[in-house]
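Asks: Contents are PDB, N, CA and C atoms; file name target-v6.pdb:
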```
ATOM      1  N   MET S1021      78.612 101.769  99.059  1.00  0.00           N
ATOM      2  CA  MET S1021      79.203 100.566  98.474  1.00  0.00           C
ATOM      3  C   MET S1021      80.658 100.437  98.924  1.00  0.00           C
ATOM      4  N   SER S1022      81.088  99.221  99.101  1.00  0.00           N
ATOM      5  CA  SER S1022      82.442  98.936  99.562  1.00  0.00           C
ATOM      6  C   SER S1022      83.454  99.141  98.439  1.00  0.00           C
ATOM      7  N   GLN S1023      84.652  99.498  98.819  1.00  0.00           N
ATOM      8  CA  GLN S1023      85.728  99.620  97.835  1.00  0.00           C
ATOM      9  C   GLN S1023      86.300  98.253  97.459  1.00  0.00           C
ATOM     10  N   TRP S1024      85.873  97.213  98.180  1.00  0.00           N
ATOM     11  CA  TRP S1024      86.333  95.852  97.938  1.00  0.00           C
ATOM     12  C   TRP S1024      85.288  95.076  97.142  1.00  0.00           C
ATOM     13  N   SER S1025      85.738  94.195  96.273  1.00  0.00           N
ATOM     14  CA  SER S1025      84.839  93.287  95.574  1.00  0.00           C
ATOM     15  C   SER S1025      85.269  91.858  95.904  1.00  0.00           C
ATOM     16  N   SER S1026      84.388  90.911  95.717  1.00  0.00           N
ATOM     17  CA  SER S1026      84.705  89.511  96.019  1.00  0.00           C
ATOM     18  C   SER S1026      85.912  89.050  95.214  1.00  0.00           C
ATOM     19  N   THR S1027      86.776  88.286  95.868  1.00  0.00           N
ATOM     20  CA  THR S1027      88.019  87.830  95.254  1.00  0.00           C
ATOM     21  C   THR S1027      88.354  86.442  95.772  1.00  0.00           C
ATOM     22  N   LYS S1028      89.002  85.648  94.957  1.00  0.00           N
ATOM     23  CA  LYS S1028      89.438  84.311  95.368  1.00  0.00           C
ATOM     24  C   LYS S1028      90.555  84.421  96.411  1.00  0.00           C
ATOM     25  N   ALA S1029      90.575  83.488  97.343  1.00  0.00           N
ATOM     26  CA  ALA S1029      91.551  83.498  98.433  1.00  0.00           C
ATOM     27  C   ALA S1029      92.982  83.401  97.916  1.00  0.00           C
ATOM     28  N   ARG S1030      93.201  82.641  96.849  1.00  0.00           N
ATOM     29  CA  ARG S1030      94.575  82.503  96.338  1.00  0.00           C
ATOM     30  C   ARG S1030      95.116  83.842  95.853  1.00  0.00           C
ATOM     31  N   LYS S1031      94.240  84.678  95.299  1.00  0.00           N
ATOM     32  CA  LYS S1031      94.652  86.004  94.821  1.00  0.00           C
ATOM     33  C   LYS S1031      94.972  86.932  96.000  1.00  0.00           C
ATOM     34  N   VAL S1032      94.189  86.823  97.067  1.00  0.00           N
ATOM     35  CA  VAL S1032      94.430  87.633  98.264  1.00  0.00           C
ATOM     36  C   VAL S1032      95.752  87.231  98.911  1.00  0.00           C
ATOM     37  N   LEU S1033      95.995  85.927  99.034  1.00  0.00           N
ATOM     38  CA  LEU S1033      97.245  85.447  99.627  1.00  0.00           C
ATOM     39  C   LEU S1033      98.445  85.901  98.792  1.00  0.00           C
ATOM     40  N   ALA S1034      98.334  85.809  97.475  1.00  0.00           N
ATOM     41  CA  ALA S1034      99.428  86.250  96.599  1.00  0.00           C
ATOM     42  C   ALA S1034      99.707  87.738  96.806  1.00  0.00           C
ATOM     43  N   ALA S1035      98.656  88.539  96.961  1.00  0.00           N
ATOM     44  CA  ALA S1035      98.831  89.979  97.186  1.00  0.00           C
ATOM     45  C   ALA S1035      99.513  90.236  98.533  1.00  0.00           C
ATOM     46  N   LEU S1036      99.124  89.476  99.558  1.00  0.00           N
ATOM     47  CA  LEU S1036      99.755  89.642 100.865  1.00  0.00           C
ATOM     48  C   LEU S1036     101.243  89.300 100.808  1.00  0.00           C
ATOM     49  N   LEU S1037     101.576  88.249 100.093  1.00  0.00           N
ATOM     50  CA  LEU S1037     102.985  87.868  99.955  1.00  0.00           C
ATOM     51  C   LEU S1037     103.773  88.941  99.191  1.00  0.00           C
ATOM     52  N   ARG S1038     103.130  89.563  98.198  1.00  0.00           N
ATOM     53  CA  ARG S1038     103.791  90.637  97.429  1.00  0.00           C
ATOM     54  C   ARG S1038     104.075  91.870  98.282  1.00  0.00           C
ATOM     55  N   ILE S1039     103.190  92.178  99.231  1.00  0.00           N
ATOM     56  CA  ILE S1039     103.389  93.396 100.026  1.00  0.00           C
ATOM     57  C   ILE S1039     104.254  93.159 101.266  1.00  0.00           C
ATOM     58  N   GLY S1040     104.845  91.983 101.379  1.00  0.00           N
ATOM     59  CA  GLY S1040     105.828  91.772 102.435  1.00  0.00           C
ATOM     60  C   GLY S1040     105.500  90.736 103.488  1.00  0.00           C
ATOM     61  N   TRP S1041     104.339  90.117 103.421  1.00  0.00           N
ATOM     62  CA  TRP S1041     104.004  89.057 104.364  1.00  0.00           C
ATOM     63  C   TRP S1041     104.694  87.771 103.935  1.00  0.00           C
ATOM     64  N   SER S1042     105.024  86.910 104.887  1.00  0.00           N
ATOM     65  CA  SER S1042     105.577  85.594 104.569  1.00  0.00           C
ATOM     66  C   SER S1042     104.905  84.552 105.457  1.00  0.00           C
ATOM     67  N   VAL S1043     104.915  83.308 104.993  1.00  0.00           N
ATOM     68  CA  VAL S1043     104.283  82.222 105.737  1.00  0.00           C
ATOM     69  C   VAL S1043     105.241  81.776 106.835  1.00  0.00           C
ATOM     70  N   LYS S1044     104.800  81.927 108.068  1.00  0.00           N
ATOM     71  CA  LYS S1044     105.592  81.536 109.231  1.00  0.00           C
ATOM     72  C   LYS S1044     105.455  80.037 109.466  1.00  0.00           C
ATOM     73  N   ARG S1045     104.214  79.545 109.404  1.00  0.00           N
ATOM     74  CA  ARG S1045     103.942  78.114 109.528  1.00  0.00           C
ATOM     75  C   ARG S1045     102.564  77.830 108.943  1.00  0.00           C
ATOM     76  N   GLN S1046     102.309  76.540 108.670  1.00  0.00           N
ATOM     77  CA  GLN S1046     101.037  76.153 108.075  1.00  0.00           C
ATOM     78  C   GLN S1046     100.612  74.796 108.600  1.00  0.00           C
ATOM     79  N   VAL S1047      99.320  74.692 108.927  1.00  0.00           N
ATOM     80  CA  VAL S1047      98.703  73.415 109.293  1.00  0.00           C
ATOM     81  C   VAL S1047      97.401  73.348 108.522  1.00  0.00           C
ATOM     82  N   GLY S1048      97.337  72.479 107.520  1.00  0.00           N
ATOM     83  CA  GLY S1048      96.150  72.388 106.669  1.00  0.00           C
ATOM     84  C   GLY S1048      95.958  73.684 105.898  1.00  0.00           C
ATOM     85  N   SER S1049      94.742  74.240 105.978  1.00  0.00           N
ATOM     86  CA  SER S1049      94.473  75.482 105.252  1.00  0.00           C
ATOM     87  C   SER S1049      94.755  76.720 106.103  1.00  0.00           C
ATOM     88  N   HIS S1050      95.200  76.522 107.346  1.00  0.00           N
ATOM     89  CA  HIS S1050      95.522  77.650 108.220  1.00  0.00           C
ATOM     90  C   HIS S1050      96.994  78.019 108.061  1.00  0.00           C
ATOM     91  N   GLN S1051      97.224  79.219 107.570  1.00  0.00           N
ATOM     92  CA  GLN S1051      98.585  79.709 107.396  1.00  0.00           C
ATOM     93  C   GLN S1051      98.784  80.898 108.326  1.00  0.00           C
ATOM     94  N   VAL S1052      99.835  80.841 109.135  1.00  0.00           N
ATOM     95  CA  VAL S1052     100.168  81.971 109.997  1.00  0.00           C
ATOM     96  C   VAL S1052     101.171  82.816 109.229  1.00  0.00           C
ATOM     97  N   LEU S1053     100.780  84.055 108.957  1.00  0.00           N
ATOM     98  CA  LEU S1053     101.621  84.972 108.201  1.00  0.00           C
ATOM     99  C   LEU S1053     102.313  85.931 109.153  1.00  0.00           C
ATOM    100  N   GLU S1054     103.530  86.333 108.801  1.00  0.00           N
ATOM    101  CA  GLU S1054     104.268  87.285 109.623  1.00  0.00           C
ATOM    102  C   GLU S1054     104.820  88.396 108.744  1.00  0.00           C
ATOM    103  N   ARG S1055     104.970  89.569 109.365  1.00  0.00           N
ATOM    104  CA  ARG S1055     105.543  90.725 108.687  1.00  0.00           C
ATOM    105  C   ARG S1055     106.124  91.641 109.753  1.00  0.00           C
ATOM    106  N   GLU S1056     107.282  92.163 109.497  1.00  0.00           N
ATOM    107  CA  GLU S1056     107.948  93.075 110.422  1.00  0.00           C
ATOM    108  C   GLU S1056     107.036  94.249 110.764  1.00  0.00           C
ATOM    109  N   GLY S1057     106.866  94.506 112.045  1.00  0.00           N
ATOM    110  CA  GLY S1057     106.063  95.637 112.492  1.00  0.00           C
ATOM    111  C   GLY S1057     104.573  95.372 112.588  1.00  0.00           C
ATOM    112  N   TRP S1058     104.133  94.157 112.267  1.00  0.00           N
ATOM    113  CA  TRP S1058     102.716  93.793 112.304  1.00  0.00           C
ATOM    114  C   TRP S1058     102.542  92.568 113.191  1.00  0.00           C
ATOM    115  N   GLU S1059     101.366  92.440 113.771  1.00  0.00           N
ATOM    116  CA  GLU S1059     101.020  91.251 114.533  1.00  0.00           C
ATOM    117  C   GLU S1059     100.776  90.094 113.560  1.00  0.00           C
ATOM    118  N   ASP S1060     101.154  88.872 113.945  1.00  0.00           N
ATOM    119  CA  ASP S1060     100.923  87.708 113.086  1.00  0.00           C
ATOM    120  C   ASP S1060      99.446  87.629 112.702  1.00  0.00           C
ATOM    121  N   TYR S1061      99.184  87.136 111.486  1.00  0.00           N
ATOM    122  CA  TYR S1061      97.816  87.034 110.990  1.00  0.00           C
ATOM    123  C   TYR S1061      97.556  85.603 110.519  1.00  0.00           C
ATOM    124  N   VAL S1062      96.467  85.016 110.965  1.00  0.00           N
ATOM    125  CA  VAL S1062      96.094  83.657 110.552  1.00  0.00           C
ATOM    126  C   VAL S1062      95.197  83.768 109.324  1.00  0.00           C
ATOM    127  N   PHE S1063      95.687  83.281 108.199  1.00  0.00           N
ATOM    128  CA  PHE S1063      94.946  83.271 106.944  1.00  0.00           C
ATOM    129  C   PHE S1063      94.375  81.867 106.791  1.00  0.00           C
ATOM    130  N   ALA S1064      93.061  81.715 106.988  1.00  0.00           N
ATOM    131  CA  ALA S1064      92.442  80.383 107.067  1.00  0.00           C
ATOM    132  C   ALA S1064      91.405  80.175 105.969  1.00  0.00           C
ATOM    133  N   PHE S1065      91.826  80.316 104.719  1.00  0.00           N
ATOM    134  CA  PHE S1065      90.920  80.134 103.589  1.00  0.00           C
ATOM    135  C   PHE S1065      91.521  79.121 102.620  1.00  0.00           C
ATOM    136  N   HIS S1066      90.670  78.291 102.018  1.00  0.00           N
ATOM    137  CA  HIS S1066      91.124  77.416 100.939  1.00  0.00           C
ATOM    138  C   HIS S1066      91.318  78.267  99.691  1.00  0.00           C
ATOM    139  N   ASP S1067      92.232  77.847  98.809  1.00  0.00           N
ATOM    140  CA  ASP S1067      92.582  78.633  97.620  1.00  0.00           C
ATOM    141  C   ASP S1067      91.382  79.045  96.780  1.00  0.00           C
ATOM    142  N   GLY S1068      90.435  78.152  96.573  1.00  0.00           N
ATOM    143  CA  GLY S1068      89.313  78.435  95.693  1.00  0.00           C
ATOM    144  C   GLY S1068      88.157  79.170  96.348  1.00  0.00           C
ATOM    145  N   THR S1069      88.263  79.455  97.634  1.00  0.00           N
ATOM    146  CA  THR S1069      87.183  80.119  98.360  1.00  0.00           C
ATOM    147  C   THR S1069      87.049  81.569  97.907  1.00  0.00           C
ATOM    148  N   GLU S1070      85.814  81.989  97.715  1.00  0.00           N
ATOM    149  CA  GLU S1070      85.520  83.382  97.356  1.00  0.00           C
ATOM    150  C   GLU S1070      85.412  84.185  98.651  1.00  0.00           C
ATOM    151  N   ILE S1071      86.216  85.224  98.774  1.00  0.00           N
ATOM    152  CA  ILE S1071      86.179  86.085  99.964  1.00  0.00           C
ATOM    153  C   ILE S1071      85.392  87.334  99.606  1.00  0.00           C
ATOM    154  N   GLY S1072      84.346  87.599 100.373  1.00  0.00           N
ATOM    155  CA  GLY S1072      83.467  88.733 100.110  1.00  0.00           C
ATOM    156  C   GLY S1072      84.030  90.066 100.592  1.00  0.00           C
ATOM    157  N   PRO S1073      83.343  91.162 100.258  1.00  0.00           N
ATOM    158  CA  PRO S1073      83.823  92.502 100.596  1.00  0.00           C
ATOM    159  C   PRO S1073      83.999  92.748 102.096  1.00  0.00           C
ATOM    160  N   LYS S1074      83.076  92.264 102.917  1.00  0.00           N
ATOM    161  CA  LYS S1074      83.198  92.491 104.360  1.00  0.00           C
ATOM    162  C   LYS S1074      84.430  91.793 104.932  1.00  0.00           C
ATOM    163  N   MET S1075      84.641  90.556 104.531  1.00  0.00           N
ATOM    164  CA  MET S1075      85.800  89.820 105.033  1.00  0.00           C
ATOM    165  C   MET S1075      87.090  90.416 104.489  1.00  0.00           C
ATOM    166  N   LEU S1076      87.093  90.861 103.245  1.00  0.00           N
ATOM    167  CA  LEU S1076      88.282  91.506 102.685  1.00  0.00           C
ATOM    168  C   LEU S1076      88.627  92.771 103.457  1.00  0.00           C
ATOM    169  N   ALA S1077      87.628  93.522 103.859  1.00  0.00           N
ATOM    170  CA  ALA S1077      87.861  94.727 104.655  1.00  0.00           C
ATOM    171  C   ALA S1077      88.489  94.366 106.001  1.00  0.00           C
ATOM    172  N   ARG S1078      88.052  93.263 106.599  1.00  0.00           N
ATOM    173  CA  ARG S1078      88.636  92.814 107.868  1.00  0.00           C
ATOM    174  C   ARG S1078      90.090  92.383 107.681  1.00  0.00           C
ATOM    175  N   VAL S1079      90.348  91.633 106.602  1.00  0.00           N
ATOM    176  CA  VAL S1079      91.716  91.199 106.303  1.00  0.00           C
ATOM    177  C   VAL S1079      92.599  92.432 106.102  1.00  0.00           C
ATOM    178  N   ALA S1080      92.096  93.407 105.342  1.00  0.00           N
ATOM    179  CA  ALA S1080      92.859  94.634 105.064  1.00  0.00           C
ATOM    180  C   ALA S1080      93.164  95.391 106.348  1.00  0.00           C
ATOM    181  N   ASN S1081      92.217  95.431 107.261  1.00  0.00           N
ATOM    182  CA  ASN S1081      92.415  96.142 108.523  1.00  0.00           C
ATOM    183  C   ASN S1081      93.560  95.522 109.337  1.00  0.00           C
ATOM    184  N   LYS S1082      93.691  94.209 109.295  1.00  0.00           N
ATOM    185  CA  LYS S1082      94.707  93.520 110.070  1.00  0.00           C
ATOM    186  C   LYS S1082      96.066  93.416 109.360  1.00  0.00           C
ATOM    187  N   THR S1083      96.067  93.586 108.022  1.00  0.00           N
ATOM    188  CA  THR S1083      97.298  93.321 107.259  1.00  0.00           C
ATOM    189  C   THR S1083      97.829  94.513 106.475  1.00  0.00           C
ATOM    190  N   GLY S1084      97.050  95.571 106.327  1.00  0.00           N
ATOM    191  CA  GLY S1084      97.507  96.706 105.538  1.00  0.00           C
ATOM    192  C   GLY S1084      97.270  96.542 104.054  1.00  0.00           C
ATOM    193  N   LEU S1085      96.490  95.559 103.671  1.00  0.00           N
ATOM    194  CA  LEU S1085      96.187  95.313 102.255  1.00  0.00           C
ATOM    195  C   LEU S1085      95.334  96.452 101.704  1.00  0.00           C
ATOM    196  N   GLU S1086      95.620  96.888 100.497  1.00  0.00           N
ATOM    197  CA  GLU S1086      94.872  97.936  99.819  1.00  0.00           C
ATOM    198  C   GLU S1086      94.201  97.344  98.574  1.00  0.00           C
ATOM    199  N   PRO S1087      93.073  97.919  98.124  1.00  0.00           N
ATOM    200  CA  PRO S1087      92.411  97.407  96.915  1.00  0.00           C
ATOM    201  C   PRO S1087      93.345  97.366  95.695  1.00  0.00           C
ATOM    202  N   ASP S1088      94.268  98.309  95.600  1.00  0.00           N
ATOM    203  CA  ASP S1088      95.191  98.336  94.465  1.00  0.00           C
ATOM    204  C   ASP S1088      96.209  97.189  94.501  1.00  0.00           C
ATOM    205  N   ASP S1089      96.413  96.583  95.671  1.00  0.00           N
ATOM    206  CA  ASP S1089      97.356  95.474  95.793  1.00  0.00           C
ATOM    207  C   ASP S1089      96.862  94.211  95.104  1.00  0.00           C
ATOM    208  N   LEU S1090      95.537  94.112  94.950  1.00  0.00           N
ATOM    209  CA  LEU S1090      94.971  92.939  94.293  1.00  0.00           C
ATOM    210  C   LEU S1090      95.113  93.123  92.819  1.00  0.00           C
TER     211      LEU S1090
END
```
Here is a file; write its structure as structure tokens.
Replies:
Amino acid sequence: MSQWSSTKARKVLAALLRIGWSVKRQVGSHQVLEREGWEDYVFAFHDGTEIGPKMLARVANKTGLEPDDL
């Protein structure tokens, strides 16, 4: 079983902003996030979208997000 559970996109974005990511630019629902020492990450989810465990694991791999950050 995955250590991640389904979560709303707005909660994931809020967690990313708390751990040091910031919005570099935005066009529609696509937000390019930046953080010192990391490659830019395109966060392309609507606020109310439910993000499943597999996708959360992918986001975590690219951003350093941990389950405790949510």
Asks: Decode the PyMOL selection byres (((chain S and resi 1055 and name CA) around 7) and name CA) for the given file into explicit residues and return them as a PyMOL selection string.
Replies: chain S and resi 1040-1042+1053-1054+1056-1058
Asks: Residues within 9 Å of region 1067-1083 of chain S, please, as a VMD selection string. Count only C-alpha atoms; anything in the same chain fewer than 6 positions from it doesn't count.
Replies: chain S and resid 1022 to 1033 1036 1041 1049 1055 1058 to 1061
Asks: Could you please determine the separation between CA of Val1047 (chain S) and CA of Phe1063 (chain S) in Å, to one decimal place?
Replies: 10.8 Å
Asks: Could you tell me how far CA of His1050 (chain S) sits from atom N of Val1062 (chain S), in Å to one decimal place?
Replies: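 Those two atoms sit 7.9 Å apart.
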Asks: Interatomic distance between atom N of Asp1088 (chain S) and atom N of Arg1045 (chain S)?
Replies: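 According to the coordinates, atom N of Asp1088 (chain S) and atom N of Arg1045 (chain S) are separated by 25.3 Å.
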Asks: Can you pull out every residue from chain S that DSSP, working from the backbone, puts in strand (DSSP E), and format the result as a ChimeraX atom specification?
Replies: /S:1027-1028,1042-1047,1050-1054,1061-1063,1070-1071
Asks: Could you give me the residues within chain S that DSSP places in alpha helix (DSSP H), as a ChimeraX atom specification?
Replies: /S:1029-1038,1073-1083
Asks: Could you check which of S:Ala1064, S:Val1052, S:Leu1037, S:Val1043 is closest to Gly1084 (chain S), using only C-alpha atoms?
Replies: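 Going through S:Ala1064, S:Val1052, S:Leu1037, S:Val1043 one by one, the smallest distance to Gly1084 (chain S) is for S:Leu1037.
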Asks: Export N, CA, C and O atoms of region 1051-1072 of chain S from the structure just given, as a PDB file, in the first residue's frame?
Replies:
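Once written, part_24.pdb looks like this:
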```
ATOM      1  N   GLN S1051       0.368  26.204 -13.280  1.00  0.00           N
ATOM      2  CA  GLN S1051       1.225  27.072 -12.484  1.00  0.00           C
ATOM      3  C   GLN S1051       2.642  26.517 -12.535  1.00  0.00           C
ATOM      4  O   GLN S1051       2.862  25.351 -12.246  1.00  0.00           O
ATOM      5  N   VAL S1052       3.592  27.369 -12.902  1.00  0.00           N
ATOM      6  CA  VAL S1052       4.994  26.962 -12.892  1.00  0.00           C
ATOM      7  C   VAL S1052       5.551  27.374 -11.539  1.00  0.00           C
ATOM      8  O   VAL S1052       5.555  28.554 -11.187  1.00  0.00           O
ATOM      9  N   LEU S1053       5.996  26.380 -10.780  1.00  0.00           N
ATOM     10  CA  LEU S1053       6.528  26.618  -9.446  1.00  0.00           C
ATOM     11  C   LEU S1053       8.046  26.598  -9.493  1.00  0.00           C
ATOM     12  O   LEU S1053       8.648  25.850 -10.268  1.00  0.00           O
ATOM     13  N   GLU S1054       8.671  27.407  -8.644  1.00  0.00           N
ATOM     14  CA  GLU S1054      10.127  27.438  -8.577  1.00  0.00           C
ATOM     15  C   GLU S1054      10.573  27.336  -7.127  1.00  0.00           C
ATOM     16  O   GLU S1054       9.862  27.747  -6.212  1.00  0.00           O
ATOM     17  N   ARG S1055      11.771  26.769  -6.955  1.00  0.00           N
ATOM     18  CA  ARG S1055      12.376  26.647  -5.635  1.00  0.00           C
ATOM     19  C   ARG S1055      13.881  26.551  -5.828  1.00  0.00           C
ATOM     20  O   ARG S1055      14.354  25.856  -6.734  1.00  0.00           O
ATOM     21  N   GLU S1056      14.613  27.238  -5.009  1.00  0.00           N
ATOM     22  CA  GLU S1056      16.072  27.225  -5.066  1.00  0.00           C
ATOM     23  C   GLU S1056      16.596  25.795  -4.984  1.00  0.00           C
ATOM     24  O   GLU S1056      16.200  25.035  -4.106  1.00  0.00           O
ATOM     25  N   GLY S1057      17.452  25.428  -5.916  1.00  0.00           N
ATOM     26  CA  GLY S1057      18.064  24.106  -5.907  1.00  0.00           C
ATOM     27  C   GLY S1057      17.242  23.010  -6.560  1.00  0.00           C
ATOM     28  O   GLY S1057      17.658  21.854  -6.592  1.00  0.00           O
ATOM     29  N   TRP S1058      16.061  23.341  -7.077  1.00  0.00           N
ATOM     30  CA  TRP S1058      15.175  22.365  -7.715  1.00  0.00           C
ATOM     31  C   TRP S1058      14.841  22.844  -9.121  1.00  0.00           C
ATOM     32  O   TRP S1058      14.809  24.039  -9.390  1.00  0.00           O
ATOM     33  N   GLU S1059      14.549  21.902  -9.995  1.00  0.00           N
ATOM     34  CA  GLU S1059      14.080  22.225 -11.333  1.00  0.00           C
ATOM     35  C   GLU S1059      12.637  22.728 -11.243  1.00  0.00           C
ATOM     36  O   GLU S1059      11.867  22.252 -10.410  1.00  0.00           O
ATOM     37  N   ASP S1060      12.265  23.695 -12.087  1.00  0.00           N
ATOM     38  CA  ASP S1060      10.891  24.205 -12.088  1.00  0.00           C
ATOM     39  C   ASP S1060       9.906  23.048 -12.256  1.00  0.00           C
ATOM     40  O   ASP S1060      10.189  22.071 -12.942  1.00  0.00           O
ATOM     41  N   TYR S1061       8.734  23.183 -11.626  1.00  0.00           N
ATOM     42  CA  TYR S1061       7.718  22.138 -11.686  1.00  0.00           C
ATOM     43  C   TYR S1061       6.394  22.747 -12.146  1.00  0.00           C
ATOM     44  O   TYR S1061       5.963  23.768 -11.611  1.00  0.00           O
ATOM     45  N   VAL S1062       5.768  22.140 -13.131  1.00  0.00           N
ATOM     46  CA  VAL S1062       4.471  22.612 -13.632  1.00  0.00           C
ATOM     47  C   VAL S1062       3.376  21.886 -12.858  1.00  0.00           C
ATOM     48  O   VAL S1062       3.222  20.670 -12.955  1.00  0.00           O
ATOM     49  N   PHE S1063       2.619  22.635 -12.078  1.00  0.00           N
ATOM     50  CA  PHE S1063       1.505  22.107 -11.300  1.00  0.00           C
ATOM     51  C   PHE S1063       0.240  22.423 -12.091  1.00  0.00           C
ATOM     52  O   PHE S1063      -0.169  23.573 -12.177  1.00  0.00           O
ATOM     53  N   ALA S1064      -0.364  21.404 -12.713  1.00  0.00           N
ATOM     54  CA  ALA S1064      -1.465  21.625 -13.663  1.00  0.00           C
ATOM     55  C   ALA S1064      -2.753  20.952 -13.202  1.00  0.00           C
ATOM     56  O   ALA S1064      -3.317  20.118 -13.902  1.00  0.00           O
ATOM     57  N   PHE S1065      -3.215  21.303 -12.009  1.00  0.00           N
ATOM     58  CA  PHE S1065      -4.443  20.726 -11.472  1.00  0.00           C
ATOM     59  C   PHE S1065      -5.389  21.849 -11.063  1.00  0.00           C
ATOM     60  O   PHE S1065      -4.955  22.873 -10.544  1.00  0.00           O
ATOM     61  N   HIS S1066      -6.689  21.643 -11.272  1.00  0.00           N
ATOM     62  CA  HIS S1066      -7.684  22.575 -10.745  1.00  0.00           C
ATOM     63  C   HIS S1066      -7.798  22.344  -9.243  1.00  0.00           C
ATOM     64  O   HIS S1066      -7.574  21.230  -8.756  1.00  0.00           O
ATOM     65  N   ASP S1067      -8.163  23.392  -8.497  1.00  0.00           N
ATOM     66  CA  ASP S1067      -8.208  23.323  -7.031  1.00  0.00           C
ATOM     67  C   ASP S1067      -9.021  22.154  -6.496  1.00  0.00           C
ATOM     68  O   ASP S1067      -8.618  21.506  -5.542  1.00  0.00           O
ATOM     69  N   GLY S1068     -10.168  21.877  -7.081  1.00  0.00           N
ATOM     70  CA  GLY S1068     -11.051  20.846  -6.559  1.00  0.00           C
ATOM     71  C   GLY S1068     -10.735  19.437  -7.029  1.00  0.00           C
ATOM     72  O   GLY S1068     -11.382  18.477  -6.618  1.00  0.00           O
ATOM     73  N   THR S1069      -9.728  19.284  -7.870  1.00  0.00           N
ATOM     74  CA  THR S1069      -9.379  17.973  -8.412  1.00  0.00           C
ATOM     75  C   THR S1069      -8.786  17.086  -7.323  1.00  0.00           C
ATOM     76  O   THR S1069      -7.955  17.523  -6.533  1.00  0.00           O
ATOM     77  N   GLU S1070      -9.220  15.842  -7.309  1.00  0.00           N
ATOM     78  CA  GLU S1070      -8.683  14.848  -6.370  1.00  0.00           C
ATOM     79  C   GLU S1070      -7.440  14.229  -7.007  1.00  0.00           C
ATOM     80  O   GLU S1070      -7.499  13.708  -8.116  1.00  0.00           O
ATOM     81  N   ILE S1071      -6.317  14.312  -6.319  1.00  0.00           N
ATOM     82  CA  ILE S1071      -5.066  13.726  -6.820  1.00  0.00           C
ATOM     83  C   ILE S1071      -4.855  12.403  -6.104  1.00  0.00           C
ATOM     84  O   ILE S1071      -4.816  12.346  -4.875  1.00  0.00           O
ATOM     85  N   GLY S1072      -4.722  11.339  -6.880  1.00  0.00           N
ATOM     86  CA  GLY S1072      -4.572   9.998  -6.326  1.00  0.00           C
ATOM     87  C   GLY S1072      -3.158   9.694  -5.838  1.00  0.00           C
ATOM     88  O   GLY S1072      -2.227  10.470  -6.065  1.00  0.00           O
TER      89      GLY S1072
END
```
